[in-house]
Structure formats: C-alpha cells, structure tokens
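In what follows, a single structure is set out as structure tokens and then discussed.
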Amino acid sequence: MKLQELVLSLGLLVCGGNSASALMEAVPLAVREGFATPECVVYDPDTGMAYVSNVNAEPENYWQDTGNGFISRLHADGTVETLRWVASTPDHTLNQPKGMAILDGLLYVTDNTRILVISLADARVESVL
C-alpha cells in the first residue's frame, strides 16, 4: 500500500510518577497529503525550503527503475509549494529517489544505481553521476 501522507511527528517522553519506565509517543504536528512513499527529507537553510523524495512504488518495486519517482518542494512552515517539483522527463528519468543532500545550490539525489544533481534555482537536472 502506498503511503499517501507525510506525518511530521514529535516524540514526547512521558514518564509516570516515580516509575523507572518511560513511554515514547508520536504526536502529529502536521499532515500533508499527496506524497507517494516519501523516503527522505532534506532542509536548505539558505532558502528555508525542504525537499521530499517520493519513491512512488509498492514495496516489491522499491529498487526497480519505474520512472515514477518525484521530488516535492515545501516551504519552511510545511506547506507544499510544488508536489512534483522534479519528476521524470524524456531527458531524465527519476525512478525511486531516496537519500538526498544539498551542497552549493545543488540537490544531490540518489536514485537506485545513480545520483542526479539538480539545480535548486530552477529544478533543472545538471548531471547524472
């Protein structure tokens, strides 16, 4: 089953009385719909934007080259600016984007057996490594 929403949670430590045991509880802070198996979130402190990789595949297809993955772009307050900020094009296929990092205005996205380098300024794929 595809995950259709991203739940941002805060783990709260709840301790009871003099008890030595502790209970962790996830408290939803916000719910954003439209995501499709979100896998990674990376925040850009220079622009205040966050990027979410969406694998958009069933578990059995998690490592297959389907061309269905996409990257979402969010504002610092968590509102979605563009759900499919980067998706597959005839020139550059985005399969199952997973881990991401930002360096010098570029978003590095792992995509199964390769890395896509995407310009944060215009969402253009600069290169594929």
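Letters for chains follow the order of the structure tokens (A, B, ...), residue numbers begin at 1 for each chain, and ligand numbers begin at 1 in the order shown.
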Test item: residues at most 7 Å from stretch 70-78 of chain A, only C-alpha atoms, excluding those fewer than 5 positions along its chain, as number ranges by chain: A: 48-55, 83-87, 94, 97
Write the selection just made, keeping all heavy atoms, as a JSON list (two decimals), in the first residue's frame?
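The resulting file, part.json, is shown below:
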[["chain", "number", "residue", "atom", "x", "y", "z"],
["A", 48, "GLY", "N", 15.33, 28.19, 3.18],
["A", 48, "GLY", "CA", 14.20, 27.85, 4.05],
["A", 48, "GLY", "C", 13.27, 26.83, 3.43],
["A", 48, "GLY", "O", 12.18, 26.58, 3.95],
["A", 49, "MET", "N", 13.67, 26.21, 2.34],
["A", 49, "MET", "CA", 12.84, 25.22, 1.67],
["A", 49, "MET", "C", 13.26, 23.82, 2.10],
["A", 49, "MET", "O", 14.41, 23.57, 2.44],
["A", 49, "MET", "CB", 12.95, 25.35, 0.15],
["A", 49, "MET", "CG", 12.58, 26.72, -0.40],
["A", 49, "MET", "SD", 10.91, 27.24, -0.01],
["A", 49, "MET", "CE", 10.00, 26.28, -1.20],
["A", 50, "ALA", "N", 12.29, 22.89, 2.04],
["A", 50, "ALA", "CA", 12.57, 21.48, 2.31],
["A", 50, "ALA", "C", 12.20, 20.68, 1.07],
["A", 50, "ALA", "O", 11.28, 21.04, 0.33],
["A", 50, "ALA", "CB", 11.77, 20.99, 3.52],
["A", 51, "TYR", "N", 12.91, 19.59, 0.84],
["A", 51, "TYR", "CA", 12.71, 18.73, -0.32],
["A", 51, "TYR", "C", 12.41, 17.32, 0.17],
["A", 51, "TYR", "O", 13.09, 16.82, 1.05],
["A", 51, "TYR", "CB", 13.94, 18.77, -1.22],
["A", 51, "TYR", "CG", 14.22, 20.18, -1.69],
["A", 51, "TYR", "CD1", 14.98, 21.05, -0.92],
["A", 51, "TYR", "CD2", 13.68, 20.66, -2.88],
["A", 51, "TYR", "CE1", 15.20, 22.36, -1.32],
["A", 51, "TYR", "CE2", 13.90, 21.97, -3.28],
["A", 51, "TYR", "CZ", 14.66, 22.81, -2.50],
["A", 51, "TYR", "OH", 14.86, 24.11, -2.90],
["A", 52, "VAL", "N", 11.39, 16.70, -0.43],
["A", 52, "VAL", "CA", 10.97, 15.36, -0.04],
["A", 52, "VAL", "C", 11.08, 14.43, -1.24],
["A", 52, "VAL", "O", 10.51, 14.72, -2.30],
["A", 52, "VAL", "CB", 9.50, 15.35, 0.46],
["A", 52, "VAL", "CG1", 9.06, 13.95, 0.83],
["A", 52, "VAL", "CG2", 9.32, 16.31, 1.63],
["A", 53, "SER", "N", 11.83, 13.34, -1.09],
["A", 53, "SER", "CA", 11.90, 12.35, -2.17],
["A", 53, "SER", "C", 10.70, 11.41, -2.03],
["A", 53, "SER", "O", 10.38, 10.95, -0.94],
["A", 53, "SER", "CB", 13.21, 11.56, -2.11],
["A", 53, "SER", "OG", 13.31, 10.82, -0.92],
["A", 54, "ASN", "N", 10.01, 11.16, -3.14],
["A", 54, "ASN", "CA", 8.85, 10.27, -3.19],
["A", 54, "ASN", "C", 9.18, 9.08, -4.07],
["A", 54, "ASN", "O", 9.34, 9.22, -5.28],
["A", 54, "ASN", "CB", 7.65, 11.01, -3.77],
["A", 54, "ASN", "CG", 7.14, 12.10, -2.86],
["A", 54, "ASN", "OD1", 6.25, 11.89, -2.05],
["A", 54, "ASN", "ND2", 7.73, 13.29, -2.97],
["A", 55, "VAL", "N", 9.29, 7.90, -3.47],
["A", 55, "VAL", "CA", 9.63, 6.69, -4.20],
["A", 55, "VAL", "C", 8.49, 6.31, -5.15],
["A", 55, "VAL", "O", 8.72, 5.87, -6.27],
["A", 55, "VAL", "CB", 9.96, 5.54, -3.22],
["A", 55, "VAL", "CG1", 10.13, 4.23, -3.96],
["A", 55, "VAL", "CG2", 11.21, 5.89, -2.43],
["A", 83, "LEU", "N", 4.15, 19.92, -5.45],
["A", 83, "LEU", "CA", 4.16, 18.50, -5.12],
["A", 83, "LEU", "C", 5.14, 17.74, -6.01],
["A", 83, "LEU", "O", 5.91, 16.92, -5.54],
["A", 83, "LEU", "CB", 2.76, 17.90, -5.26],
["A", 83, "LEU", "CG", 2.64, 16.44, -4.86],
["A", 83, "LEU", "CD1", 2.99, 16.24, -3.38],
["A", 83, "LEU", "CD2", 1.26, 15.91, -5.16],
["A", 84, "ARG", "N", 5.13, 18.00, -7.31],
["A", 84, "ARG", "CA", 6.04, 17.33, -8.25],
["A", 84, "ARG", "C", 7.02, 18.37, -8.80],
["A", 84, "ARG", "O", 7.00, 18.70, -9.97],
["A", 84, "ARG", "CB", 5.25, 16.65, -9.37],
["A", 84, "ARG", "CG", 4.45, 15.46, -8.85],
["A", 84, "ARG", "CD", 3.66, 14.78, -9.98],
["A", 84, "ARG", "NE", 2.95, 13.63, -9.48],
["A", 84, "ARG", "CZ", 3.40, 12.38, -9.51],
["A", 84, "ARG", "NH1", 4.56, 12.12, -10.07],
["A", 84, "ARG", "NH2", 2.69, 11.40, -9.02],
["A", 85, "TRP", "N", 7.88, 18.85, -7.91],
["A", 85, "TRP", "CA", 8.87, 19.88, -8.27],
["A", 85, "TRP", "C", 9.84, 19.34, -9.32],
["A", 85, "TRP", "O", 10.19, 20.03, -10.26],
["A", 85, "TRP", "CB", 9.60, 20.31, -7.00],
["A", 85, "TRP", "CG", 10.64, 21.36, -7.18],
["A", 85, "TRP", "CD1", 10.43, 22.67, -7.51],
["A", 85, "TRP", "CD2", 12.04, 21.21, -7.04],
["A", 85, "TRP", "NE1", 11.63, 23.33, -7.58],
["A", 85, "TRP", "CE2", 12.63, 22.45, -7.29],
["A", 85, "TRP", "CE3", 12.86, 20.12, -6.70],
["A", 85, "TRP", "CZ2", 14.01, 22.66, -7.22],
["A", 85, "TRP", "CZ3", 14.22, 20.32, -6.64],
["A", 85, "TRP", "CH2", 14.78, 21.59, -6.90],
["A", 86, "VAL", "N", 10.28, 18.10, -9.16],
["A", 86, "VAL", "CA", 11.08, 17.40, -10.17],
["A", 86, "VAL", "C", 10.46, 16.02, -10.35],
["A", 86, "VAL", "O", 10.19, 15.33, -9.38],
["A", 86, "VAL", "CB", 12.56, 17.26, -9.75],
["A", 86, "VAL", "CG1", 13.32, 16.39, -10.74],
["A", 86, "VAL", "CG2", 13.23, 18.60, -9.60],
["A", 87, "ALA", "N", 10.21, 15.65, -11.59],
["A", 87, "ALA", "CA", 9.69, 14.33, -11.93],
["A", 87, "ALA", "C", 10.38, 13.88, -13.22],
["A", 87, "ALA", "O", 11.17, 14.61, -13.80],
["A", 87, "ALA", "CB", 8.18, 14.37, -12.10],
["A", 94, "LEU", "N", 13.38, 9.80, -13.37],
["A", 94, "LEU", "CA", 13.53, 9.74, -11.92],
["A", 94, "LEU", "C", 12.78, 8.50, -11.46],
["A", 94, "LEU", "O", 11.57, 8.42, -11.56],
["A", 94, "LEU", "CB", 12.96, 11.00, -11.28],
["A", 94, "LEU", "CG", 13.28, 11.24, -9.82],
["A", 94, "LEU", "CD1", 14.79, 11.27, -9.58],
["A", 94, "LEU", "CD2", 12.67, 12.55, -9.36],
["A", 97, "PRO", "N", 13.69, 7.93, -6.05],
["A", 97, "PRO", "CA", 14.64, 8.79, -5.34],
["A", 97, "PRO", "C", 14.62, 8.48, -3.85],
["A", 97, "PRO", "O", 13.57, 8.31, -3.26],
["A", 97, "PRO", "CB", 14.12, 10.20, -5.62],
["A", 97, "PRO", "CG", 12.67, 10.01, -5.91],
["A", 97, "PRO", "CD", 12.56, 8.68, -6.57]]
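Going from atom CA of A:Glu81 over to atom CA of A:Arg124, you cover 16.6 Å.
The residue that comes closest to A:Gln96, out of A:Ala123, A:Pro59, A:Val128, A:Val80 and on the basis of only C-alpha atoms, is A:Pro59.
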Atomic distance atom CA of A:Val42 - atom CA of A:Met100, expressed in Å with one decimal: 6.5 Å
Between atom CA of A:Glu25 and atom CA of A:Thr79, distance in Å (one decimal):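 About the pair atom CA of A:Glu25 and atom CA of A:Thr79: they are 24.2 Å apart.
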Distance query A:Gly105 at most 7 Å, only C-alpha atoms, self and fewer than 3 positions along chain excluded, as a PyMOL selection string: chain A and resi 102+119-120
Nearest residue to A:Leu103 from the set A:Tyr62, A:Gly67, A:Ile118, A:Cys40 (distances using only C-alpha atoms):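 Checking each candidate against A:Leu103, we get A:Ile118 as the closest.
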